[in-house]
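The structure file run.txt is reproduced below (compact mmCIF, C-alpha atoms).
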```txt
# COMPACT_ATOMS: atom_id res chain seq x y z
CA GLY A 1 16.75 16.02 -0.03
CA GLU A 2 15.76 18.98 -2.15
CA ASN A 3 15.51 22.38 -0.41
CA VAL A 4 12.74 24.66 -1.66
CA GLU A 5 12.37 28.25 -0.51
CA GLN A 6 9.29 30.34 -1.18
CA HIS A 7 8.60 34.07 -0.93
CA PRO A 8 6.68 36.00 0.19
CA SER A 9 5.02 34.22 3.10
CA THR A 10 2.02 36.53 2.92
CA LEU A 11 0.71 38.62 0.06
CA SER A 12 -2.25 40.98 -0.13
CA VAL A 13 -3.43 42.42 -3.42
CA GLN A 14 -6.41 44.39 -4.58
CA GLU A 15 -8.93 42.56 -6.70
CA GLY A 16 -7.93 42.80 -10.34
CA ASP A 17 -4.23 43.24 -9.63
CA SER A 18 -1.57 40.62 -10.29
CA ALA A 19 0.13 38.41 -7.74
CA VAL A 20 3.59 36.88 -8.07
CA ILE A 21 5.06 34.16 -5.86
CA LYS A 22 8.66 33.05 -6.21
CA CYS A 23 10.45 29.83 -5.33
CA THR A 24 14.02 28.62 -5.50
CA TYR A 25 15.28 25.06 -5.38
CA SER A 26 18.64 23.54 -4.63
CA ASP A 27 18.98 20.38 -6.71
CA SER A 28 19.67 20.99 -10.39
CA ALA A 29 18.45 17.45 -11.14
CA SER A 30 14.85 18.34 -10.24
CA ASN A 31 12.76 18.35 -13.38
CA TYR A 32 9.13 18.83 -12.31
CA PHE A 33 7.69 21.83 -10.48
CA PRO A 34 4.03 21.82 -9.47
CA TRP A 35 2.06 24.56 -7.77
CA TYR A 36 -0.71 23.68 -5.34
CA LYS A 37 -3.53 25.76 -3.89
CA GLN A 38 -4.79 24.86 -0.44
CA GLU A 39 -7.85 26.29 1.21
CA LEU A 40 -8.20 26.11 4.97
CA GLY A 41 -8.65 22.53 6.17
CA LYS A 42 -8.75 21.17 2.63
CA ARG A 43 -6.43 19.07 0.52
CA PRO A 44 -3.87 20.71 -1.77
CA GLN A 45 -5.09 21.01 -5.35
CA LEU A 46 -2.76 21.19 -8.33
CA ILE A 47 -3.27 24.44 -10.24
CA ILE A 48 -0.39 24.36 -12.70
CA ASP A 49 2.90 22.57 -13.21
CA ILE A 50 5.96 22.93 -15.39
CA ARG A 51 8.66 20.57 -16.52
CA SER A 52 12.29 21.49 -16.92
CA ASN A 53 12.21 21.30 -20.69
CA VAL A 54 10.05 24.46 -20.97
CA GLY A 55 10.49 27.97 -19.67
CA GLU A 56 6.91 29.10 -19.34
CA LYS A 57 3.43 27.67 -19.17
CA LYS A 58 0.11 29.48 -19.06
CA ASP A 59 -3.42 28.44 -18.22
CA GLN A 60 -5.93 31.29 -18.42
CA ARG A 61 -5.09 33.69 -15.55
CA ILE A 62 -2.30 31.52 -14.15
CA ALA A 63 1.22 31.22 -15.50
CA VAL A 64 4.45 29.69 -14.28
CA THR A 65 7.96 30.57 -15.40
CA LEU A 66 11.10 28.52 -14.85
CA ASN A 67 14.73 29.57 -14.94
CA LYS A 68 16.80 26.39 -14.74
CA THR A 69 20.11 28.19 -14.70
CA ALA A 70 19.17 30.25 -11.67
CA LYS A 71 17.09 27.41 -10.18
CA HIS A 72 14.02 29.47 -9.56
CA PHE A 73 10.43 29.41 -10.71
CA SER A 74 7.51 31.74 -10.21
CA LEU A 75 3.73 31.69 -10.17
CA HIS A 76 1.87 34.57 -11.75
CA ILE A 77 -1.82 35.17 -11.20
CA THR A 78 -3.40 37.97 -13.21
CA GLU A 79 -6.75 39.70 -12.70
CA THR A 80 -6.99 38.31 -9.20
CA GLN A 81 -10.38 37.52 -7.71
CA PRO A 82 -11.46 37.04 -4.07
CA GLU A 83 -11.78 33.29 -4.67
CA ASP A 84 -8.05 33.20 -5.41
CA SER A 85 -7.48 33.81 -1.69
CA ALA A 86 -5.76 30.69 -0.30
CA VAL A 87 -2.36 29.33 0.58
CA TYR A 88 -0.17 28.49 -2.39
CA PHE A 89 2.68 25.99 -2.27
CA CYS A 90 5.40 25.40 -4.79
CA ALA A 91 7.22 22.08 -4.95
CA ALA A 92 10.14 20.46 -6.68
CA ASN A 93 10.60 16.77 -7.28
CA SER A 94 13.53 14.75 -6.01
CA PRO A 95 16.27 13.58 -8.37
CA THR A 96 14.73 10.12 -8.41
CA GLY A 97 11.54 11.78 -9.58
CA ASN A 98 9.14 10.47 -6.98
CA GLN A 99 9.16 12.63 -3.87
CA PHE A 100 7.97 16.22 -3.75
CA TYR A 101 9.55 18.80 -1.50
CA PHE A 102 7.34 21.77 -0.76
CA GLY A 103 8.06 25.42 -0.21
CA THR A 104 6.92 27.12 2.96
CA GLY A 105 3.73 28.47 1.44
CA THR A 106 2.31 31.88 0.58
CA SER A 107 -0.93 33.08 2.08
CA LEU A 108 -2.61 35.15 -0.62
CA THR A 109 -5.43 37.53 0.24
CA VAL A 110 -7.34 39.26 -2.53
CA ILE A 111 -9.11 42.32 -1.22
CA PRO A 112 -12.44 43.05 -2.94
CA GLY B 1 -10.50 10.06 -11.92
CA ALA B 2 -7.47 10.04 -9.61
CA VAL B 3 -9.32 10.24 -6.31
CA VAL B 4 -7.58 9.61 -3.01
CA SER B 5 -9.48 9.10 0.22
CA GLN B 6 -8.36 9.10 3.83
CA HIS B 7 -9.99 7.66 6.90
CA PRO B 8 -10.70 8.88 9.47
CA SER B 9 -11.00 12.57 8.67
CA ARG B 10 -10.70 13.50 12.31
CA VAL B 11 -9.58 11.57 15.37
CA ILE B 12 -9.15 12.46 19.00
CA CYS B 13 -7.29 10.04 21.24
CA LYS B 14 -5.71 9.81 24.64
CA SER B 15 -1.99 10.06 25.12
CA GLY B 16 -0.31 6.67 24.87
CA THR B 17 -2.74 5.10 22.42
CA SER B 18 -2.02 4.20 18.81
CA VAL B 19 -3.93 5.60 15.87
CA LYS B 20 -4.17 4.13 12.37
CA ILE B 21 -4.86 6.32 9.34
CA GLU B 22 -5.79 4.80 6.00
CA CYS B 23 -5.03 6.21 2.58
CA ARG B 24 -6.78 4.73 -0.44
CA SER B 25 -6.54 5.37 -4.15
CA LEU B 26 -10.11 4.85 -5.30
CA ASP B 27 -9.90 4.65 -9.06
CA PHE B 28 -6.27 3.97 -9.84
CA GLN B 29 -3.39 1.84 -8.67
CA ALA B 30 -0.56 3.43 -6.77
CA THR B 31 2.74 1.66 -6.25
CA THR B 32 3.94 4.70 -4.36
CA MET B 33 2.14 6.75 -1.76
CA PHE B 34 3.49 9.56 0.35
CA TRP B 35 2.73 10.70 3.88
CA TYR B 36 2.98 14.34 4.88
CA ARG B 37 2.53 16.20 8.11
CA GLN B 38 1.26 19.74 8.22
CA PHE B 39 1.22 22.04 11.23
CA PRO B 40 -1.20 25.00 11.33
CA LYS B 41 -0.26 27.64 8.76
CA LYS B 42 2.84 25.67 7.84
CA SER B 43 4.04 23.74 4.84
CA LEU B 44 3.63 20.08 4.00
CA MET B 45 6.54 18.16 5.42
CA LEU B 46 7.27 14.87 3.72
CA MET B 47 7.49 12.13 6.33
CA ALA B 48 7.94 8.99 4.28
CA THR B 49 7.49 7.28 0.96
CA SER B 50 5.31 4.20 1.08
CA ASN B 51 6.19 1.51 -1.45
CA GLU B 52 3.82 -1.34 -2.20
CA GLY B 53 5.28 -4.65 -1.11
CA SER B 54 8.42 -3.23 0.46
CA LYS B 55 9.58 -1.16 3.39
CA ALA B 56 8.78 2.51 3.55
CA THR B 57 11.50 5.09 3.08
CA TYR B 58 11.58 7.67 5.86
CA GLU B 59 12.83 11.23 5.62
CA GLN B 60 15.62 12.33 7.88
CA GLY B 61 14.42 13.03 11.41
CA VAL B 62 11.24 10.97 11.16
CA GLU B 63 11.11 8.06 13.61
CA LYS B 64 10.16 4.90 11.76
CA ASP B 65 9.21 3.10 14.97
CA LYS B 66 6.90 5.97 15.88
CA PHE B 67 5.21 6.25 12.50
CA LEU B 68 4.62 2.77 11.14
CA ILE B 69 3.75 2.56 7.46
CA ASN B 70 2.27 -0.44 5.70
CA HIS B 71 1.51 -0.51 1.97
CA ALA B 72 -0.05 -3.91 1.57
CA SER B 73 -1.83 -3.39 -1.74
CA LEU B 74 -1.76 -1.15 -4.79
CA THR B 75 -4.65 0.90 -3.41
CA LEU B 76 -4.02 1.11 0.33
CA SER B 77 -1.35 2.52 2.58
CA THR B 78 -1.71 2.90 6.33
CA LEU B 79 0.10 5.15 8.79
CA THR B 80 0.03 4.14 12.44
CA VAL B 81 1.06 6.71 15.00
CA THR B 82 2.24 4.58 17.90
CA SER B 83 2.02 5.67 21.53
CA ALA B 84 0.72 9.04 20.47
CA HIS B 85 1.55 12.13 22.51
CA PRO B 86 0.20 15.69 22.33
CA GLU B 87 3.15 16.78 20.19
CA ASP B 88 1.97 14.32 17.52
CA SER B 89 -1.20 16.34 17.09
CA SER B 90 -1.20 17.54 13.50
CA PHE B 91 -2.84 17.32 10.09
CA TYR B 92 -1.65 14.20 8.26
CA ILE B 93 -2.09 14.09 4.49
CA CYS B 94 -1.30 11.30 2.08
CA SER B 95 -0.78 11.46 -1.65
CA ALA B 96 -0.50 8.90 -4.40
CA ARG B 97 0.94 8.65 -7.86
CA ASP B 98 -0.95 6.86 -10.59
CA LEU B 99 0.92 3.72 -11.65
CA ARG B 100 0.45 4.66 -15.27
CA GLN B 101 2.27 7.98 -14.92
CA GLY B 102 5.89 8.57 -15.65
CA VAL B 103 8.47 9.81 -13.20
CA GLY B 104 7.92 13.33 -11.91
CA ASP B 105 4.21 13.54 -12.58
CA GLU B 106 1.36 14.76 -10.43
CA GLN B 107 0.61 13.50 -6.95
CA PHE B 108 -3.04 13.32 -5.93
CA PHE B 109 -3.76 14.26 -2.35
CA GLY B 110 -6.16 12.83 0.16
CA PRO B 111 -8.39 15.14 2.22
CA GLY B 112 -6.22 14.81 5.29
CA THR B 113 -6.70 13.52 8.84
CA ARG B 114 -6.78 15.86 11.80
CA LEU B 115 -5.20 14.08 14.78
CA THR B 116 -5.62 15.52 18.26
CA VAL B 117 -3.89 13.79 21.13
CA LEU B 118 -5.15 14.77 24.57
```
Take the structure in the file and write it out as structure tokens.
Amino acid sequence: GENVEQHPSTLSVQEGDSAVIKCTYSDSASNYFPWYKQELGKRPQLIIDIRSNVGEKKDQRIAVTLNKTAKHFSLHITETQPEDSAVYFCAANSPTGNQFYFGTGTSLTVIP
Amino acid sequence: GAVVSQHPSRVICKSGTSVKIECRSLDFQATTMFWYRQFPKKSLMLMATSNEGSKATYEQGVEKDKFLINHASLTLSTLTVTSAHPEDSSFYICSARDLRQGVGDEQFFGPGTRLTVL
């Protein structure tokens, strides 16, 4: 199946600073890339997604960029707040379009 | 809309027993549901794809006789961990895709089931 790598595994930023998380994927046929936020013991929640026909998508303080040629995509969080602290997972869909394969996760800590 | 529930939320069992976990889509129909396993501070590992009315598709390395999946209706999939052992202790999460969505669209996750095998 698809192989998704995610970096960094942990990230600490000061409140108000930006945070960037990067992922790479292996299968060029993948065409959907969601980002999920998971708080401890809770279910993953979709925060933003991007399809392969666009290069960038923004939703308030959150943005995602996609480089299909290089097979990597990134999550950008600006003006970080303590409530942004959580584990973030990227994912890529399988060529058939149904399964998701997740990255290894990034534990983000926003220091007040 | 798009709510997925799981039951039970937490289960503790003795080694050797079997445990059934239910995943339900509450307000939509799901021809496809997915089962994931998550170890502490680790990623979600896809175990299998549950297809309504047909056999589940298991990921490489996942024992189908150990993790039995039944998707008997468009709103319910069950995962049975057979003859559970301490190494099966984990957080099991299901997800579902809305039947009305196209390929590659969002999966909605259940709240997860914490399994502890003594």
Mind dumping a table of every stretch 3-114 of chain B residue within 10 Å of stretch 85-106 of chain A, with the nearest atom pair and its distance in Å to one decimal, using only C-alpha atoms, sorted by chain and rising number, as CSV?
```
residue,atom,partner,partner_atom,distance
B:Thr32,CA,A:Asn98,CA,8.2
B:Met33,CA,A:Gln99,CA,9.4
B:Phe34,CA,A:Gln99,CA,7.7
B:Lys41,CA,A:Gly105,CA,8.4
B:Lys42,CA,A:Thr104,CA,6.5
B:Ser43,CA,A:Thr104,CA,4.8
B:Leu44,CA,A:Phe102,CA,6.3
B:Met45,CA,A:Phe102,CA,7.2
B:Leu46,CA,A:Tyr101,CA,6.9
B:Ala48,CA,A:Gln99,CA,9.0
B:Thr49,CA,A:Gln99,CA,7.4
B:Arg97,CA,A:Asn98,CA,8.4
B:Gly102,CA,A:Gly97,CA,8.9
B:Val103,CA,A:Gly97,CA,5.1
B:Gly104,CA,A:Gly97,CA,4.6
B:Asp105,CA,A:Asn98,CA,8.1
B:Glu106,CA,A:Phe100,CA,9.5
B:Gln107,CA,A:Phe100,CA,8.5
```
Those same residues, written as a compact mmCIF listing (two decimals), in the frame of the given file with C-alpha atoms?
```
# COMPACT_ATOMS: atom_id res chain seq x y z
CA THR B 32 3.94 4.70 -4.36
CA MET B 33 2.14 6.75 -1.76
CA PHE B 34 3.49 9.56 0.35
CA LYS B 41 -0.26 27.64 8.76
CA LYS B 42 2.84 25.67 7.84
CA SER B 43 4.04 23.74 4.84
CA LEU B 44 3.63 20.08 4.00
CA MET B 45 6.54 18.16 5.42
CA LEU B 46 7.27 14.87 3.72
CA ALA B 48 7.94 8.99 4.28
CA THR B 49 7.49 7.28 0.96
CA ARG B 97 0.94 8.65 -7.86
CA GLY B 102 5.89 8.57 -15.65
CA VAL B 103 8.47 9.81 -13.20
CA GLY B 104 7.92 13.33 -11.91
CA ASP B 105 4.21 13.54 -12.58
CA GLU B 106 1.36 14.76 -10.43
CA GLN B 107 0.61 13.50 -6.95
```
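Relative to atom CA of B:Lys14, atom CA of B:Ser90 is found at 14.3 Å.
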**Message:** Can you pull out the residues contacting B:His71? Cut-off 9 Å, using all atoms listed in the file, and skip same-chain residues under 2 positions away; I want them as a ChimeraX atom specification.
**Reply:** /B:31-33,50-56,69,73-79
**Asked** What lies within 7 Å of B:Pro8 using all atoms listed in the file, ignoring chain neighbours under 2 positions off, as a list in words?
**Response**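 My list of contacting residues is Gln6, Arg10, Val11, Ile21 and Thr113 of chain B.
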**Message:** Please report the interatomic distance between atom CA of B:Ala96 and atom CA of B:Tyr36 in Å with one decimal.
**Reply:** 11.3 Å
**Asked** From the set B:Ser15, B:Ser95, B:Ser25, B:Thr82, which residue has the shortest atom-to-atom contact distance to chain A, counting only C-alpha atoms?
**Response**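 Using only C-alpha atoms, the shortest distance to chain A belongs to B:Ser95.
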